[in-house]
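Source file: work26.cif. Holds: mmCIF, C-alpha atoms.
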```cif
data_start
#
loop_
_atom_site.label_atom_id
_atom_site.label_comp_id
_atom_site.auth_asym_id
_atom_site.auth_seq_id
_atom_site.Cartn_x
_atom_site.Cartn_y
_atom_site.Cartn_z
CA MET A 164 11.81 3.45 -0.68
CA THR A 165 14.13 2.07 1.98
CA GLN A 166 13.98 -1.01 4.14
CA ARG A 167 15.97 -1.87 7.23
CA ARG A 168 16.68 -5.54 7.90
CA ALA A 169 16.46 -7.04 11.34
CA LYS A 170 19.29 -9.21 12.64
CA GLY A 171 19.01 -12.16 14.97
CA SER A 172 16.45 -11.53 17.69
CA ALA A 173 16.18 -7.84 16.83
CA PRO A 174 12.92 -7.78 14.74
CA VAL A 175 10.58 -7.36 17.72
CA GLN A 176 12.55 -4.38 19.03
CA LEU A 177 13.23 -2.92 15.61
CA TYR A 178 9.60 -2.98 14.47
CA SER A 179 7.90 -2.79 17.88
CA GLY A 180 6.15 0.51 17.09
CA HIS A 181 4.86 -0.47 13.66
CA ALA A 182 1.51 -1.85 14.84
CA TYR A 183 0.51 1.34 16.67
CA ARG A 184 1.76 3.67 13.95
CA PHE A 185 0.00 1.54 11.31
CA LEU A 186 -3.35 1.95 13.09
CA GLU A 187 -2.65 5.63 13.70
CA LYS A 188 -1.91 6.06 9.99
CA LEU A 189 -5.26 4.41 9.16
CA GLY A 190 -6.89 7.33 10.97
CA CYS A 191 -8.17 5.42 14.00
CA LYS A 192 -9.73 7.80 16.51
CA PRO A 193 -9.29 7.51 20.33
CA ASN A 194 -12.77 6.07 20.91
CA ASP A 195 -12.69 3.66 17.95
CA GLN A 196 -13.20 0.07 19.07
CA LEU A 197 -10.60 -1.96 17.19
CA HIS A 198 -11.33 -5.58 16.29
CA PHE A 199 -8.49 -8.10 16.03
CA LEU A 200 -8.50 -11.73 14.93
CA LEU A 201 -5.85 -14.27 15.88
CA VAL A 202 -5.72 -17.36 13.66
CA SER A 203 -3.38 -20.34 13.65
CA ASP A 204 -0.63 -19.78 11.08
CA SER A 205 0.75 -23.32 11.31
CA LYS A 206 0.67 -25.77 8.45
CA GLY A 207 -1.36 -28.63 9.88
CA LYS A 208 -1.97 -31.85 7.98
CA ASN A 209 -5.62 -30.88 7.52
CA ARG A 210 -4.87 -27.30 6.47
CA GLY A 211 -6.96 -27.69 3.34
CA HIS A 212 -10.05 -28.67 5.34
CA SER A 213 -9.93 -26.12 8.15
CA PHE A 214 -8.74 -22.53 8.36
CA ALA A 215 -7.30 -23.19 11.81
CA THR A 216 -6.38 -26.80 12.44
CA GLU A 217 -4.51 -26.87 15.73
CA LEU A 218 -5.61 -23.69 17.48
CA PRO A 219 -9.03 -22.04 17.57
CA ALA A 220 -9.46 -18.54 16.16
CA ILE A 221 -9.61 -15.82 18.82
CA THR A 222 -11.61 -12.60 18.46
CA LEU A 223 -10.11 -9.72 20.45
CA ARG A 224 -10.89 -6.04 20.88
CA LYS A 225 -9.67 -2.79 22.40
CA PRO A 226 -10.35 0.95 22.04
CA PHE A 227 -7.56 2.72 20.19
CA ARG A 228 -6.94 5.17 23.05
CA SER A 229 -5.95 2.24 25.31
CA LEU A 230 -3.71 0.42 22.84
CA GLU A 231 -0.08 0.06 23.90
CA LYS A 232 2.41 1.72 21.56
CA LEU A 233 4.90 -1.17 21.48
CA ALA A 234 4.06 -4.62 20.11
CA PRO A 235 5.70 -6.56 23.01
CA ARG A 236 3.32 -4.85 25.44
CA ILE A 237 0.08 -5.10 23.48
CA LYS A 238 -2.67 -6.78 25.46
CA LEU A 239 -6.18 -7.22 24.11
CA PHE A 240 -9.47 -8.42 25.53
CA SER A 241 -11.56 -11.39 24.43
CA ARG A 242 -15.37 -11.27 24.29
CA ARG A 243 -15.37 -12.61 27.85
CA ASN A 244 -13.04 -9.79 28.93
CA LYS A 245 -10.08 -12.14 29.27
CA LEU A 246 -6.75 -10.35 28.95
CA VAL A 247 -4.49 -11.75 26.20
CA ASN A 248 -0.80 -11.08 25.51
CA VAL A 249 -0.73 -10.84 21.72
CA LEU A 250 3.01 -11.15 21.07
CA TRP A 251 3.17 -14.30 23.24
CA LEU A 252 0.36 -15.92 21.21
CA ASN A 253 2.00 -14.76 17.97
CA LYS A 254 5.20 -16.59 18.91
CA LYS A 255 3.10 -19.67 19.75
CA GLY A 256 1.83 -19.77 16.15
CA TYR A 257 -1.05 -17.29 15.93
CA ALA A 258 -1.12 -14.76 13.08
CA VAL A 259 -2.35 -11.32 14.13
CA PHE A 260 -5.00 -9.66 11.94
CA VAL A 261 -7.01 -6.46 12.38
CA GLU A 262 -10.25 -5.29 10.78
CA ILE A 263 -9.33 -2.33 8.57
CA ASN A 264 -12.63 -0.47 8.24
CA GLY A 265 -14.42 1.13 11.19
CA ARG A 266 -17.67 0.03 12.81
CA GLU A 267 -20.05 2.02 14.95
CA SER A 268 -19.26 0.12 18.16
CA GLU A 269 -19.61 -3.64 18.60
CA LYS A 270 -18.15 -6.28 16.27
CA ASP A 271 -21.40 -6.99 14.41
CA SER A 272 -22.56 -3.37 14.17
CA PRO A 273 -22.72 -1.56 10.80
CA PHE A 274 -19.62 0.00 9.26
CA ASN A 275 -19.34 3.78 9.47
CA ALA A 276 -15.84 4.50 8.15
CA ILE A 277 -13.74 3.50 5.16
CA ARG A 278 -10.24 3.85 6.55
CA ALA A 279 -8.46 2.63 3.41
CA GLN A 280 -8.73 1.00 0.02
CA PHE A 281 -6.15 -1.79 -0.15
CA ILE A 282 -4.79 -4.81 -2.00
CA ASP A 283 -3.03 -8.06 -1.09
CA VAL A 284 -0.23 -8.93 -3.52
CA ASP A 285 0.62 -12.61 -2.95
CA LEU A 286 3.64 -13.60 -5.06
CA ASN A 287 4.13 -17.04 -3.55
CA LYS A 288 1.31 -18.97 -5.22
CA ILE A 289 0.37 -20.00 -8.73
CA SER A 290 -3.16 -21.34 -8.90
CA ALA A 291 -5.36 -22.64 -11.68
CA ARG A 292 -8.64 -24.51 -12.03
CA CYS A 293 -9.49 -26.75 -14.98
CA LYS A 294 -12.23 -29.17 -15.95
CA THR A 295 -10.03 -31.99 -17.25
CA LYS A 296 -6.75 -33.69 -16.35
CA GLU A 297 -5.40 -32.83 -19.78
CA GLN A 298 -5.99 -29.11 -19.25
CA ILE A 299 -4.41 -29.11 -15.81
CA GLN A 300 -1.43 -31.08 -17.10
CA GLN A 301 -0.92 -28.44 -19.79
CA LYS A 302 -0.84 -25.80 -17.04
CA ILE A 303 1.74 -27.79 -15.09
CA ASP A 304 3.91 -28.33 -18.20
CA ALA A 305 3.77 -24.59 -18.98
CA ILE A 306 4.90 -23.69 -15.46
CA LEU A 307 7.71 -26.27 -15.42
CA SER A 308 8.97 -25.17 -18.84
CA ASP A 309 9.39 -21.56 -17.69
CA PRO A 310 13.12 -21.17 -16.93
CA SER A 311 12.51 -18.21 -14.60
CA GLU A 312 10.20 -20.12 -12.26
CA GLN A 313 11.49 -21.75 -9.08
CA LEU A 314 8.96 -23.99 -7.36
CA GLN A 315 8.95 -25.42 -3.88
CA SER A 316 5.90 -27.67 -4.35
CA ILE A 317 2.96 -28.48 -6.63
CA THR A 318 -0.36 -29.74 -5.25
CA LEU A 319 -3.23 -31.08 -7.34
CA THR A 320 -6.71 -31.64 -5.87
CA GLN A 321 -10.19 -32.31 -7.22
CA ASN A 322 -13.25 -30.52 -5.84
CA LYS A 323 -16.82 -31.80 -5.44
CA ASN A 324 -17.73 -30.56 -8.93
CA GLY A 325 -15.00 -32.65 -10.50
CA GLN A 326 -12.79 -29.67 -11.32
CA TYR A 327 -9.03 -29.95 -10.86
CA GLN A 328 -7.31 -27.33 -8.69
CA LEU A 329 -3.60 -26.64 -9.09
CA LEU A 330 -1.59 -24.88 -6.39
CA ALA A 331 2.13 -24.30 -6.88
CA GLN A 332 4.32 -22.68 -4.22
CA ARG A 333 7.36 -20.66 -5.24
CA THR A 334 10.72 -20.70 -3.46
CA ARG A 335 11.77 -17.81 -1.20
CA GLN A 336 14.40 -16.76 -3.75
CA ARG A 337 11.79 -16.52 -6.51
CA VAL A 338 9.39 -14.57 -4.27
CA ALA A 339 12.21 -12.11 -3.46
CA GLU A 340 12.83 -11.58 -7.20
CA LEU A 341 9.11 -11.01 -7.88
CA LYS A 342 8.90 -8.53 -5.01
CA LYS A 343 11.58 -6.39 -6.62
CA GLN A 344 9.91 -6.68 -10.02
CA PHE A 345 6.55 -5.61 -8.59
CA LEU A 346 7.99 -2.50 -6.94
CA ASN A 347 9.87 -1.56 -10.11
CA LYS A 348 6.81 -2.06 -12.29
CA HIS A 349 4.30 -0.21 -10.10
CA GLY A 350 6.60 2.26 -8.34
CA GLU A 351 4.89 5.35 -9.73
CA GLN A 352 1.39 4.06 -8.97
CA ILE A 353 2.16 3.23 -5.34
CA LYS A 354 4.67 5.97 -4.45
CA ASP A 355 2.26 7.70 -2.02
CA THR A 356 0.81 4.56 -0.43
CA MET A 357 1.49 2.76 2.83
CA ILE A 358 3.21 -0.54 2.01
CA VAL A 359 3.36 -3.49 4.39
CA GLU A 360 5.81 -6.23 3.42
CA THR A 361 4.73 -9.77 4.23
CA LYS A 362 6.60 -13.02 3.71
CA ASN A 363 4.92 -13.61 0.35
CA GLY A 364 4.39 -10.11 -1.01
CA TYR A 365 2.85 -6.78 -0.08
CA HIS A 366 -0.29 -5.26 1.40
CA ILE A 367 -0.74 -1.81 -0.12
CA TYR A 368 -3.00 0.84 1.41
CA TRP A 369 -4.46 4.05 0.02
CA ILE A 370 -5.53 5.83 3.22
CA MET A 371 -9.00 7.36 2.75
CA GLN A 372 -10.89 10.40 3.97
CA ASP A 373 -14.67 10.72 3.69
CA GLY A 374 -14.91 7.38 1.88
CA ASN A 375 -18.30 6.29 0.60
CA ILE A 376 -19.14 2.84 1.97
CA ASN A 377 -21.12 1.94 -1.17
CA LYS A 378 -18.07 2.61 -3.36
CA PHE A 379 -15.68 0.48 -1.33
CA VAL A 380 -16.33 -2.91 -2.95
CA PRO A 381 -16.34 -1.67 -6.60
CA ILE A 382 -13.03 0.14 -6.02
CA GLN A 383 -11.53 -2.93 -4.31
CA LYS A 384 -12.42 -5.06 -7.32
CA ALA A 385 -10.98 -2.49 -9.72
CA LEU A 386 -7.73 -2.31 -7.73
CA ALA A 387 -7.37 -6.10 -7.72
CA GLN A 388 -7.81 -6.12 -11.48
CA THR A 389 -5.32 -3.30 -12.02
CA PHE A 390 -2.56 -4.87 -9.91
CA ASP A 391 -3.43 -8.55 -10.51
CA SER A 392 -3.74 -8.97 -6.74
CA ASP A 393 -5.95 -11.22 -4.62
CA PRO A 394 -9.52 -10.84 -6.01
CA MET A 395 -11.05 -11.94 -2.68
CA ILE A 396 -9.94 -8.80 -0.81
CA THR A 397 -13.21 -6.96 -1.40
CA ASN A 398 -15.48 -7.25 1.65
CA LEU A 399 -15.99 -4.43 4.17
CA SER A 400 -15.16 -6.73 7.09
CA ARG A 401 -11.83 -7.83 5.63
CA VAL A 402 -9.05 -8.37 8.17
CA MET A 403 -5.38 -7.95 7.25
CA ARG A 404 -2.08 -8.86 8.88
CA ILE A 405 -0.86 -6.17 11.22
CA PRO A 406 2.83 -5.15 11.08
CA GLY A 407 5.10 -5.65 14.07
CA PHE A 408 4.18 -9.33 14.40
CA TYR A 409 5.54 -12.53 12.90
CA HIS A 410 4.28 -14.54 9.93
CA MET A 411 4.47 -18.02 11.48
CA LYS A 412 3.47 -20.51 8.76
CA ASN A 413 7.00 -21.86 9.04
CA PRO A 414 7.84 -21.83 12.79
CA GLU A 415 11.47 -22.64 11.95
CA SER A 416 11.73 -19.43 9.93
CA PRO A 417 9.44 -16.70 11.35
CA TYR A 418 9.09 -13.61 9.18
CA MET A 419 8.49 -10.17 10.67
CA VAL A 420 5.64 -8.32 8.90
CA LYS A 421 6.69 -4.66 8.61
CA VAL A 422 5.95 -1.33 7.00
CA ILE A 423 8.55 -0.40 4.37
CA GLN A 424 6.82 2.80 3.24
CA TRP A 425 4.48 4.97 5.29
CA GLY A 426 3.10 7.01 2.39
CA ARG A 427 2.04 10.62 2.22
CA GLU A 428 0.48 12.54 5.08
CA LYS A 429 -2.65 13.69 3.25
CA PRO A 430 -5.28 10.94 2.81
CA PHE A 431 -6.74 10.11 -0.60
CA THR A 432 -10.31 10.56 -1.69
CA GLN A 433 -11.97 7.78 -3.64
CA GLU A 434 -12.44 10.14 -6.60
CA GLU A 435 -8.72 11.00 -6.61
CA LEU A 436 -7.76 7.31 -6.48
CA ILE A 437 -10.07 6.44 -9.38
CA LYS A 438 -8.67 9.28 -11.48
CA ARG A 439 -5.01 8.70 -10.62
CA LEU A 440 -5.05 4.98 -11.41
CA GLU A 441 -7.67 5.24 -14.17
CA LEU A 442 -9.82 2.70 -12.37
CA LYS A 443 -13.16 1.59 -13.74
CA PRO A 444 -15.14 0.45 -10.71
CA ALA A 445 -18.35 -1.33 -11.67
CA VAL A 446 -21.31 0.64 -10.35
CA THR A 447 -23.95 -1.55 -8.74
CA SER A 448 -27.64 -1.23 -9.56
CA LYS A 449 -28.29 0.23 -6.09
CA LEU A 450 -25.76 2.99 -6.66
CA LYS A 451 -27.24 3.74 -10.08
CA GLN A 452 -30.70 3.98 -8.53
CA LYS A 453 -29.46 6.39 -5.83
CA SER A 454 -27.72 8.49 -8.46
CA ARG A 455 -30.90 8.73 -10.54
CA LYS A 456 -32.96 9.78 -7.50
CA LEU A 457 -30.40 12.43 -6.55
CA HIS A 458 -30.34 13.76 -10.10
CA ALA A 459 -34.14 13.85 -10.19
CA ARG A 460 -34.24 15.92 -7.00
CA LYS A 461 -31.73 18.42 -8.35
CA THR A 462 -33.59 18.90 -11.61
CA SER A 463 -37.11 19.04 -10.14
#
```
For this file, produce the structure as structure tokens.
Amino acid sequence: MTQRRAKGSAPVQLYSGHAYRFLEKLGCKPNDQLHFLLVSDSKGKNRGHSFATELPAITLRKPFRSLEKLAPRIKLFSRRNKLVNVLWLNKKGYAVFVEINGRESEKDSPFNAIRAQFIDVDLNKISARCKTKEQIQQKIDAILSDPSEQLQSITLTQNKNGQYQLLAQRTRQRVAELKKQFLNKHGEQIKDTMIVETKNGYHIYWIMQDGNINKFVPIQKALAQTFDSDPMITNLSRVMRIPGFYHMKNPESPYMVKVIQWGREKPFTQEELIKRLELKPAVTSKLKQKSRKLHARKTS
């Protein structure tokens, strides 16, 4: 696994083709209508109260066949058919996300394709929720007593239910160390995957073929448990950062999101993924019911 580092103003040129190749790798077809979401990446004072504090979220779209192959040239259309220069907005503070799974046509239409199973490994945050101040203080003391930890900040809040929420942010040096440790620990498990490096960790994709929509969520949950990744990355409509654009939460230090491993050519099947990683996806009652009906038909 190799990674090339950008120097000075070179990241845009160096990784300009990553966005198109990323979508191509996901198996997007010429007529697929791609759905993008641009959201303010800036750290506003009211960040905890609103997902986008200074800039409104923008929903954009474009068929894959019309997408420009270089990030500096990518232009998308809003719902009102307004043309938008994505890289310009990215540099102004918008993060660029794309919906991973495929829909039939319009944004709110049903999903018809599982393009990938994926995880979000965020190594920047330490979070905990406790009922009492004493319990949360014990968590803080445990973190501070760990000689390997390097923290940038610790925030303590209390929610409406009276529970205490701890959020600690690690330093860039500590995140860099944890990135190396993650790759060393899980190298064999992720050797054939597509890996996108973000400022705080990795997005890892197992590209799918003939994926069953009903199995998507159970497999997502099993993957999150296996890799101790973000447990919220489970919904079919999940959007993820697209490579070739900047992570702009710190405008003074923009970070280029990039692919560091493209993975194998042949897509995975969900059955192969389950077997390879020894996953134990929880089968929902609906799936069990369908399975029983199918079995009854075969035996009748």
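Proximity to Thr397 in chain A was assessed for A:Lys438, A:Gln315, A:Asn264, A:Thr334 counting only C-alpha atoms; the smallest distance is recorded for A:Asn264.
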**Study point:** A:Arg337, A:Lys443, A:Arg243, A:Lys232 ranked by distance to Phe185 in chain A, top pick (using only C-alpha atoms)
**Key:**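 Among the listed residues, the smallest separation from Phe185 in chain A belongs to A:Lys232.
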Check your understanding: Skipping near chain neighbours, those fewer than 2 positions away, what residues fall within 12 Å of Ser290 in chain A using all atoms listed in the file, listed as an MDAnalysis selection string?
Key -> chainID A and resid 285:288 292:293 299 302:303 306 316:320 327:333 393
Which residues of range 184-210 of chain A come within 9 Å of range 352-375 of chain A, and what is each one's closest atom pair and distance in Å (one decimal), counting all atoms listed in the file, sorted by chain and residue number, as a tab-separated table?
```
residue	atom	partner	partner_atom	distance
A:Phe185	CA	A:Met357	CA	8.7
A:Lys188	CA	A:Ile370	CA	7.7
A:Leu189	CA	A:Ile370	CA	6.1
A:Gly190	CA	A:Ile370	CA	8.0
```
Check your understanding: Nearest to Leu252 in chain A among A:Glu428, A:Asp204, A:Glu231, A:Glu297, with distances taken over only C-alpha atoms: which residue is it?
Key ->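 Between A:Glu428, A:Asp204, A:Glu231, A:Glu297, the residue approaching Leu252 in chain A most closely is A:Asp204.
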Review point. Which distance in Å separates CA of Tyr183 in chain A and CA of Pro406 in chain A, to one decimal?
Key: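 For CA of Tyr183 in chain A relative to CA of Pro406 in chain A, the distance reads 8.9 Å.
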Review point. Which distance in Å separates CA of Leu197 in chain A and CA of Gly265 in chain A, to one decimal?
Key: 7.8 Å
Review point. Could you work out how far CA of Leu201 in chain A lies from CA of Phe260 in chain A, giving the answer in Å with one decimal?
Key: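 Distance reported for this atom pair: 6.1 Å.
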Point to revise | All residues 9 Å or closer to range 194-196 of chain A, only C-alpha atoms, same chain fewer than 4 positions away omitted, as a list in words | key: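 Final neighbour list, sorted by chain and number: Arg224, Lys225, Pro226, Phe227, Arg228, Ser229, Gly265, Arg266, Glu267, Ser268, Glu269 and Lys270 of chain A.
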